[in-house]
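Text of start.cif, listed as mmCIF, C-alpha atoms:
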data_data
loop_
_atom_site.label_atom_id
_atom_site.label_comp_id
_atom_site.auth_asym_id
_atom_site.auth_seq_id
_atom_site.Cartn_x
_atom_site.Cartn_y
_atom_site.Cartn_z
CA MET A 9 0.00 0.00 0.00
CA GLU A 10 1.36 3.38 -1.05
CA THR A 11 1.89 5.85 1.79
CA PRO A 12 0.27 9.26 1.12
CA THR A 13 2.76 12.10 0.86
CA ALA A 14 2.27 15.71 1.95
CA THR A 15 1.90 16.66 -1.72
CA SER A 16 -0.77 14.05 -2.48
CA GLU A 17 -2.77 15.15 0.56
CA ILE A 18 -3.32 18.70 -0.75
CA GLY A 19 -7.08 19.21 -1.05
CA VAL A 20 -9.03 21.10 -3.69
CA VAL A 21 -8.90 24.40 -1.77
CA GLY A 22 -5.15 24.04 -1.28
CA ARG A 23 -4.72 23.32 -4.97
CA LEU A 24 -6.79 26.36 -5.94
CA ILE A 25 -4.49 28.55 -3.85
CA ARG A 26 -1.19 26.91 -4.75
CA ILE A 27 -1.82 26.96 -8.51
CA PHE A 28 -0.73 30.62 -8.53
CA TYR A 29 2.64 30.15 -6.85
CA ALA A 30 3.41 26.40 -6.74
CA PRO A 31 1.75 24.74 -9.76
CA GLY A 32 4.22 21.87 -9.62
CA GLU A 33 2.92 20.88 -6.17
CA VAL A 34 -0.67 21.06 -7.42
CA TYR A 35 -0.06 18.78 -10.38
CA GLU A 36 2.14 16.36 -8.44
CA SER A 37 -0.76 16.06 -6.03
CA LEU A 38 -3.20 15.69 -8.93
CA ALA A 39 -1.10 12.92 -10.46
CA SER A 40 -1.36 10.97 -7.19
CA GLN A 41 -4.99 11.59 -6.36
CA ARG A 42 -7.88 13.36 -8.08
CA SER A 43 -11.67 13.45 -8.20
CA ALA A 44 -14.45 15.12 -10.20
CA ALA A 45 -14.14 18.10 -7.83
CA ASP A 46 -10.75 18.88 -9.38
CA TRP A 47 -12.36 19.91 -12.67
CA PHE A 48 -15.78 20.91 -11.39
CA VAL A 49 -14.83 23.33 -8.58
CA PRO A 50 -12.43 25.57 -10.57
CA THR A 51 -14.89 25.63 -13.49
CA ALA A 52 -17.85 26.36 -11.22
CA ILE A 53 -15.95 29.29 -9.70
CA ALA A 54 -15.22 30.63 -13.18
CA ALA A 55 -18.84 30.08 -14.23
CA LEU A 56 -20.26 31.96 -11.23
CA LEU A 57 -17.77 34.74 -11.80
CA GLY A 58 -18.83 34.77 -15.44
CA ILE A 59 -22.39 35.67 -14.40
CA VAL A 60 -21.12 38.58 -12.30
CA ILE A 61 -18.83 39.77 -15.09
CA ALA A 62 -21.63 39.50 -17.66
CA ALA A 63 -23.92 41.57 -15.43
CA ALA A 64 -21.21 44.23 -15.13
CA THR A 65 -19.95 44.34 -18.72
CA ILE A 66 -22.90 43.54 -21.00
CA PRO A 67 -24.46 46.98 -20.29
CA LEU A 68 -21.16 48.53 -21.44
CA ALA A 69 -21.29 46.58 -24.71
CA THR A 70 -24.97 47.40 -25.13
CA GLN A 71 -24.36 51.10 -24.56
CA ALA A 72 -21.51 51.11 -27.06
CA SER A 73 -23.74 49.38 -29.61
CA LEU A 74 -26.57 51.86 -29.06
CA GLU A 75 -24.20 54.80 -29.44
CA GLN A 76 -22.99 53.41 -32.76
CA MET A 77 -26.58 53.05 -33.96
CA GLN A 78 -27.80 56.34 -32.51
CA GLU A 79 -27.98 58.11 -35.86
CA GLN A 80 -29.95 55.25 -37.42
CA MET A 81 -32.28 55.04 -34.43
CA GLN A 82 -33.16 58.72 -34.70
CA ASN A 83 -34.76 58.02 -38.06
CA MET A 84 -36.66 54.98 -36.80
CA PRO A 85 -40.31 55.02 -35.71
CA ALA A 86 -40.71 55.09 -31.93
CA GLU A 87 -42.18 51.60 -31.93
CA GLN A 88 -39.17 50.17 -33.76
CA ARG A 89 -36.76 51.92 -31.35
CA GLU A 90 -38.58 50.40 -28.39
CA MET A 91 -38.36 46.95 -29.97
CA MET A 92 -34.64 47.38 -30.47
CA GLU A 93 -34.08 48.52 -26.89
CA SER A 94 -36.16 45.58 -25.63
CA GLY A 95 -34.04 43.27 -27.74
CA GLN A 96 -30.92 44.67 -26.10
CA LYS A 97 -32.35 43.94 -22.64
CA ILE A 98 -33.21 40.37 -23.65
CA ALA A 99 -29.66 39.99 -24.96
CA GLN A 100 -28.32 41.08 -21.56
CA VAL A 101 -30.32 38.36 -19.79
CA GLY A 102 -29.31 35.83 -22.43
CA GLY A 103 -25.66 36.75 -21.97
CA MET A 104 -25.86 36.15 -18.22
CA ILE A 105 -27.40 32.73 -18.83
CA ALA A 106 -24.92 31.83 -21.57
CA ALA A 107 -21.82 32.84 -19.58
CA PRO A 108 -21.74 29.85 -17.18
CA LEU A 109 -22.83 27.41 -19.89
CA MET A 110 -20.02 28.58 -22.18
CA THR A 111 -17.53 28.18 -19.34
CA PHE A 112 -18.29 24.47 -19.02
CA LEU A 113 -18.44 24.03 -22.81
CA PHE A 114 -15.04 25.66 -23.17
CA LEU A 115 -13.68 23.32 -20.48
CA LEU A 116 -14.65 20.34 -22.65
CA ILE A 117 -13.23 21.84 -25.84
CA ALA A 118 -9.98 23.05 -24.27
CA SER A 119 -9.47 19.73 -22.44
CA ALA A 120 -9.96 17.83 -25.70
CA LEU A 121 -7.38 20.03 -27.44
CA LEU A 122 -4.97 19.63 -24.52
CA LEU A 123 -5.46 15.87 -24.69
CA LEU A 124 -4.75 15.94 -28.44
CA VAL A 125 -1.54 17.93 -27.94
CA GLY A 126 -0.51 15.62 -25.10
CA LYS A 127 -1.04 12.51 -27.21
CA MET A 128 0.95 14.05 -30.08
CA LEU A 129 3.81 14.67 -27.64
CA GLY A 130 3.66 11.13 -26.26
CA ALA A 131 2.04 11.97 -22.92
CA GLU A 132 0.36 9.24 -20.90
CA ILE A 133 -2.84 11.16 -20.27
CA ASN A 134 -6.57 10.64 -20.75
CA PHE A 135 -9.53 13.01 -20.94
CA GLY A 136 -10.32 12.58 -17.25
CA GLN A 137 -6.80 13.82 -16.42
CA ALA A 138 -6.75 16.58 -19.05
CA MET A 139 -9.88 18.21 -17.60
CA PRO A 140 -8.44 19.04 -14.15
CA VAL A 141 -5.08 19.97 -15.70
CA TYR A 142 -6.84 22.60 -17.81
CA ALA A 143 -9.34 23.56 -15.07
CA TYR A 144 -6.64 24.46 -12.55
CA GLY A 145 -4.61 26.28 -15.20
CA SER A 146 -7.68 28.30 -16.15
CA MET A 147 -7.67 29.86 -12.67
CA ILE A 148 -5.03 32.23 -14.07
CA GLY A 149 -7.62 33.45 -16.55
CA THR A 150 -10.13 33.76 -13.72
CA LEU A 151 -7.66 35.96 -11.83
CA LYS A 152 -7.29 38.13 -14.94
CA ALA A 153 -11.07 38.56 -15.13
CA ILE A 154 -11.22 39.59 -11.46
CA ILE A 155 -8.55 42.23 -12.07
CA ILE A 156 -9.72 43.76 -15.36
CA THR A 157 -13.50 43.77 -14.83
CA PRO A 158 -13.45 46.65 -12.28
CA VAL A 159 -11.15 48.53 -14.67
CA MET A 160 -13.65 48.02 -17.50
CA VAL A 161 -16.50 49.31 -15.37
CA ALA A 162 -14.48 52.30 -14.10
CA LYS A 163 -13.37 53.28 -17.63
CA GLU A 164 -16.72 52.32 -19.18
CA THR A 165 -15.03 50.31 -21.90
CA MET A 166 -14.85 46.65 -22.90
CA ILE A 167 -11.27 47.04 -24.09
CA VAL A 168 -8.60 46.67 -21.40
CA HIS A 169 -5.16 45.37 -22.37
CA THR A 170 -2.78 43.49 -20.08
CA GLY A 171 -0.06 42.82 -22.61
CA LEU A 172 1.31 44.09 -25.91
CA GLY A 173 -1.98 45.80 -26.71
CA ILE A 174 -1.00 48.56 -24.26
CA PHE A 175 1.66 49.74 -26.72
CA LEU A 176 -0.51 49.63 -29.85
CA GLY A 177 -2.45 52.57 -31.23
CA ASP A 178 -6.09 52.44 -32.38
CA GLU A 179 -5.07 52.29 -36.02
CA MET A 180 -2.77 49.33 -35.42
CA MET A 181 -5.52 47.55 -33.47
CA GLN A 182 -7.68 47.57 -36.60
CA THR A 183 -5.17 45.31 -38.37
CA PHE A 184 -4.77 41.54 -38.17
CA THR A 185 -1.22 41.94 -36.82
CA GLY A 186 -2.39 44.38 -34.16
CA ARG A 187 -5.18 42.10 -32.98
CA MET A 188 -2.78 39.17 -32.92
CA LEU A 189 -0.20 41.07 -30.84
CA ALA A 190 -2.93 42.27 -28.48
CA GLY A 191 -3.78 38.62 -27.82
CA ILE A 192 -0.37 38.11 -26.24
CA ASP A 193 -0.55 39.18 -22.61
CA ILE A 194 0.94 38.32 -19.24
CA PHE A 195 -1.97 36.16 -18.12
CA THR A 196 -2.16 34.21 -21.39
CA VAL A 197 1.53 33.27 -21.19
CA TRP A 198 1.29 32.54 -17.45
CA GLN A 199 -1.74 30.28 -17.94
CA ALA A 200 -0.07 28.49 -20.86
CA ILE A 201 3.06 27.76 -18.83
CA VAL A 202 1.11 26.58 -15.77
CA THR A 203 -1.06 24.31 -17.93
CA ALA A 204 2.05 22.97 -19.65
CA ILE A 205 3.60 22.15 -16.27
CA GLY A 206 0.46 20.17 -15.49
CA LEU A 207 0.61 18.35 -18.82
CA ALA A 208 4.28 17.50 -18.22
CA ILE A 209 3.76 16.16 -14.69
CA VAL A 210 0.48 14.32 -15.20
CA GLY A 211 1.39 13.11 -18.70
CA GLN A 212 4.98 12.24 -17.73
CA ILE A 213 6.75 14.12 -20.52
CA PRO A 214 9.60 16.69 -20.44
CA THR A 215 8.48 20.14 -19.28
CA GLY A 216 10.14 21.93 -22.20
CA LYS A 217 8.32 19.68 -24.64
CA ALA A 218 4.98 20.35 -22.94
CA ILE A 219 5.53 24.12 -22.84
CA GLY A 220 6.36 24.13 -26.55
CA GLY A 221 3.23 22.15 -27.42
CA VAL A 222 0.88 24.28 -25.31
CA LEU A 223 2.38 27.53 -26.59
CA VAL A 224 1.82 26.38 -30.18
CA LEU A 225 -1.82 25.64 -29.30
CA VAL A 226 -2.20 29.08 -27.71
CA ALA A 227 -0.56 30.75 -30.72
CA ILE A 228 -3.05 29.06 -33.05
CA ALA A 229 -5.92 30.24 -30.83
CA ILE A 230 -4.59 33.82 -30.91
CA VAL A 231 -4.31 33.75 -34.72
CA ILE A 232 -7.86 32.40 -35.06
CA GLY A 233 -9.13 35.04 -32.61
CA ALA A 234 -7.42 37.81 -34.58
CA GLY A 235 -8.99 36.52 -37.78
CA LEU A 236 -12.47 36.30 -36.27
CA GLY A 237 -12.03 39.82 -34.92
CA GLY A 238 -11.39 41.05 -38.46
CA ILE A 239 -14.54 39.29 -39.72
CA GLY A 240 -16.53 40.93 -36.92
CA GLU A 241 -15.28 44.37 -37.87
CA ALA A 242 -16.10 43.72 -41.53
CA PHE A 243 -19.73 43.11 -40.58
CA ASN A 244 -19.73 46.00 -38.09
CA PRO A 245 -17.49 48.73 -39.52
CA GLY A 246 -18.67 51.27 -36.99
CA GLY A 247 -17.52 49.05 -34.07
#
Target format structure tokens, applied to this file:
Amino acid sequence: METPTATSEIGVVGRLIRIFYAPGEVYESLASQRSAADWFVPTAIAALLGIVIAAATIPLATQASLEQMQEQMQNMPAEQREMMESGQKIAQVGGMIAAPLMTFLFLLIASALLLLVGKMLGAEINFGQAMPVYAYGSMIGTLKAIIITPVMVAKETMIVHTGLGIFLGDEMMQTFTGRMLAGIDIFTVWQAIVTAIGLAIVGQIPTGKAIGGVLVLVAIAIVIGAGLGGIGEAFNPGG
């Protein structure tokens, strides 16, 4: 019978705290012992926070949208304006409902991609292990949301940069390159490295190999995000 070590005895709360300063301990513990709580609790925290963030930020997005359409709305009949404003309110409620659902959906998608990368790198990992590896790593993103949401509300803007976007002008941000560079920030890199450490420990592969694989995955996501941002602007040139 294997004797439990101090690392393996770290509980979910301890793991949630240590992930920010001792991710190696968290994943060593996870490799020894894990349960459904290890993917559910971090994701549930992010989901609940998502509702709060949606309640705080959707009005900002709605207001920005209404300001862009103000000139068009002035020429609309009163009844049509009221319908549009009602639609915006319904969208706010829908956004608050969708936020937690999307959090859990993204957990499944991101875990599947992490599993794919792990298998390509020769990691001994399954989906049940990939989920908590990603879930704990995503707490870095949750921390980012906690920090930037009050800034968004205070500045009344949905755009707050925590990386290279700080140094880019508005004109540059309208380009594919600008959007791609803006996607590189402190929290994105931090989360990628922490998740890679988890993949290396749980999947039993070299850390450098895992970091390289996860960073490639993140880079692809940033490129796709920059491309989708360009499509969005093409359909909404006033945005």
Q: Measure the distance from CA of Met147 (chain A) to CA of Gly237 (chain A) in Å and round it to one decimal.
A: 24.8 Å
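CA of Glu17 (chain A) sits 12.6 Å away from CA of Ser43 (chain A).
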Using only C-alpha atoms, determine which residues lie at most 10 Å from Ala120 (chain A), disregarding the query and same-chain residues fewer than 5 positions distant; provide the list as a short mmCIF file (atom, residue, chain, number, x, y, z; two decimals) with C-alpha atoms, in the frame of the given file.
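Result saved to result-v5.cif:
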data_model
loop_
_atom_site.label_atom_id
_atom_site.label_comp_id
_atom_site.auth_asym_id
_atom_site.auth_seq_id
_atom_site.Cartn_x
_atom_site.Cartn_y
_atom_site.Cartn_z
CA PHE A 114 -15.04 25.66 -23.17
CA LEU A 115 -13.68 23.32 -20.48
CA VAL A 125 -1.54 17.93 -27.94
CA GLY A 126 -0.51 15.62 -25.10
CA ASN A 134 -6.57 10.64 -20.75
CA PHE A 135 -9.53 13.01 -20.94
CA GLY A 136 -10.32 12.58 -17.25
CA ALA A 138 -6.75 16.58 -19.05
CA MET A 139 -9.88 18.21 -17.60
CA TYR A 142 -6.84 22.60 -17.81
#
Q.
Just to confirm, what's the straight-line distance from CA of Thr170 (chain A) to CA of Ile194 (chain A) in Å (one decimal)?
A.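 Result for CA of Thr170 (chain A) versus CA of Ile194 (chain A): 6.4 Å, one decimal.
Non-sequential neighbours of Ala204 (chain A) (distance at most 9 Å, separation of 2 or more positions within a chain, only C-alpha atoms) are Val141, Gly145, Gln199, Ala200, Ile201, Val202, Gly206, Leu207, Ala208, Ile209, Thr215, Gly216, Lys217, Ala218, Ile219, Gly220, Gly221, Val222 and Leu223 of chain A.
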For region 190-205 of chain A, take all atoms listed in the file, fit an axis-aligned box around them, add 8 Å to each of the six sides, then output centre and edge lengths in Å rounded to one decimal, as lines of an AutoDock Vina configuration file.
center_x = -0.1
center_y = 32.2
center_z = -22.1
size_x = 23.4
size_y = 36.1
size_z = 28.7
Q.
If we count all atoms listed in the file and set the cut-off at 7 Å, which residues sit around Glu164 (chain A), ignoring sequence neighbours fewer than 3 positions away in its own chain? Please answer as number ranges by chain.
A. A: 68, 160-161
Q) Which residue out of A:Ala234, A:Thr150, A:Ile133, A:Ile213 has the minimum interatomic distance to Thr183 (chain A) when all atoms listed in the file are used? A)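 Checking each candidate against Thr183 (chain A), we get A:Ala234 as the closest.
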Q) Evaluating the PyMOL selection byres ((chain A and resi 188) around 10) on the displayed file yields which residues, as a count of residues only? A) 21
Q: Report as a PyMOL selection string the full result of the PyMOL selection byres ((chain A and resi 51) around 10) when it is applied to this structure.
A: chain A and resi 45-50+52-57+108+111-112+114-115+139-140+142-144+146-147+150
Q: Starting from the shown file, work through the PyMOL selection byres ((chain A and resi 39) around 9) and note down what comes out as a ChimeraX atom specification.
A: /A:16,34-38,40-42,137,206,209-211
Q: Go through A:Met104, A:Ala63, A:Val197, A:Val224 and flag the residue nearest Gly149 (chain A), using all atoms listed in the file for the distances.
A: A:Val197
Q) Closest to Pro67 (chain A) among A:Met180, A:Ala131, A:Leu124, A:Met166, using all atoms listed in the file? A)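 Going through A:Met180, A:Ala131, A:Leu124, A:Met166 one by one, the smallest distance to Pro67 (chain A) is for A:Met166.
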Could you write region 111-124 of chain A as a PDB file, keeping the file's coordinate frame, with N, CA, C and O atoms rebuilt where they are missing?
ATOM      1  N   THR A 111     -18.706  28.526 -20.137  1.00  0.00           N
ATOM      2  CA  THR A 111     -17.530  28.180 -19.340  1.00  0.00           C
ATOM      3  C   THR A 111     -17.319  26.677 -19.300  1.00  0.00           C
ATOM      4  O   THR A 111     -16.203  26.177 -19.490  1.00  0.00           O
ATOM      5  N   PHE A 112     -18.396  25.925 -19.071  1.00  0.00           N
ATOM      6  CA  PHE A 112     -18.290  24.470 -19.020  1.00  0.00           C
ATOM      7  C   PHE A 112     -18.053  23.889 -20.417  1.00  0.00           C
ATOM      8  O   PHE A 112     -17.311  22.916 -20.570  1.00  0.00           O
ATOM      9  N   LEU A 113     -18.668  24.494 -21.441  1.00  0.00           N
ATOM     10  CA  LEU A 113     -18.440  24.030 -22.810  1.00  0.00           C
ATOM     11  C   LEU A 113     -16.985  24.233 -23.206  1.00  0.00           C
ATOM     12  O   LEU A 113     -16.362  23.344 -23.814  1.00  0.00           O
ATOM     13  N   PHE A 114     -16.432  25.381 -22.831  1.00  0.00           N
ATOM     14  CA  PHE A 114     -15.040  25.660 -23.170  1.00  0.00           C
ATOM     15  C   PHE A 114     -14.107  24.712 -22.435  1.00  0.00           C
ATOM     16  O   PHE A 114     -13.053  24.341 -22.961  1.00  0.00           O
ATOM     17  N   LEU A 115     -14.481  24.307 -21.214  1.00  0.00           N
ATOM     18  CA  LEU A 115     -13.680  23.320 -20.480  1.00  0.00           C
ATOM     19  C   LEU A 115     -13.552  22.039 -21.303  1.00  0.00           C
ATOM     20  O   LEU A 115     -12.455  21.480 -21.430  1.00  0.00           O
ATOM     21  N   LEU A 116     -14.658  21.572 -21.866  1.00  0.00           N
ATOM     22  CA  LEU A 116     -14.650  20.340 -22.650  1.00  0.00           C
ATOM     23  C   LEU A 116     -13.805  20.487 -23.907  1.00  0.00           C
ATOM     24  O   LEU A 116     -12.997  19.603 -24.236  1.00  0.00           O
ATOM     25  N   ILE A 117     -13.972  21.616 -24.602  1.00  0.00           N
ATOM     26  CA  ILE A 117     -13.230  21.840 -25.840  1.00  0.00           C
ATOM     27  C   ILE A 117     -11.729  21.969 -25.569  1.00  0.00           C
ATOM     28  O   ILE A 117     -10.896  21.335 -26.228  1.00  0.00           O
ATOM     29  N   ALA A 118     -11.393  22.818 -24.583  1.00  0.00           N
ATOM     30  CA  ALA A 118      -9.980  23.050 -24.270  1.00  0.00           C
ATOM     31  C   ALA A 118      -9.305  21.779 -23.752  1.00  0.00           C
ATOM     32  O   ALA A 118      -8.145  21.498 -24.076  1.00  0.00           O
ATOM     33  N   SER A 119     -10.029  20.991 -22.962  1.00  0.00           N
ATOM     34  CA  SER A 119      -9.470  19.730 -22.440  1.00  0.00           C
ATOM     35  C   SER A 119      -9.214  18.749 -23.581  1.00  0.00           C
ATOM     36  O   SER A 119      -8.210  18.032 -23.578  1.00  0.00           O
ATOM     37  N   ALA A 120     -10.138  18.716 -24.555  1.00  0.00           N
ATOM     38  CA  ALA A 120      -9.960  17.830 -25.700  1.00  0.00           C
ATOM     39  C   ALA A 120      -8.734  18.240 -26.518  1.00  0.00           C
ATOM     40  O   ALA A 120      -7.952  17.390 -26.966  1.00  0.00           O
ATOM     41  N   LEU A 121      -8.549  19.542 -26.701  1.00  0.00           N
ATOM     42  CA  LEU A 121      -7.380  20.030 -27.440  1.00  0.00           C
ATOM     43  C   LEU A 121      -6.087  19.747 -26.676  1.00  0.00           C
ATOM     44  O   LEU A 121      -5.070  19.374 -27.270  1.00  0.00           O
ATOM     45  N   LEU A 122      -6.146  19.926 -25.349  1.00  0.00           N
ATOM     46  CA  LEU A 122      -4.970  19.630 -24.520  1.00  0.00           C
ATOM     47  C   LEU A 122      -4.634  18.149 -24.592  1.00  0.00           C
ATOM     48  O   LEU A 122      -3.457  17.771 -24.672  1.00  0.00           O
ATOM     49  N   LEU A 123      -5.661  17.317 -24.573  1.00  0.00           N
ATOM     50  CA  LEU A 123      -5.460  15.870 -24.690  1.00  0.00           C
ATOM     51  C   LEU A 123      -4.809  15.535 -26.039  1.00  0.00           C
ATOM     52  O   LEU A 123      -3.881  14.712 -26.114  1.00  0.00           O
ATOM     53  N   LEU A 124      -5.300  16.177 -27.095  1.00  0.00           N
ATOM     54  CA  LEU A 124      -4.750  15.940 -28.440  1.00  0.00           C
ATOM     55  C   LEU A 124      -3.271  16.309 -28.494  1.00  0.00           C
ATOM     56  O   LEU A 124      -2.446  15.534 -28.999  1.00  0.00           O
TER      57      LEU A 124
END
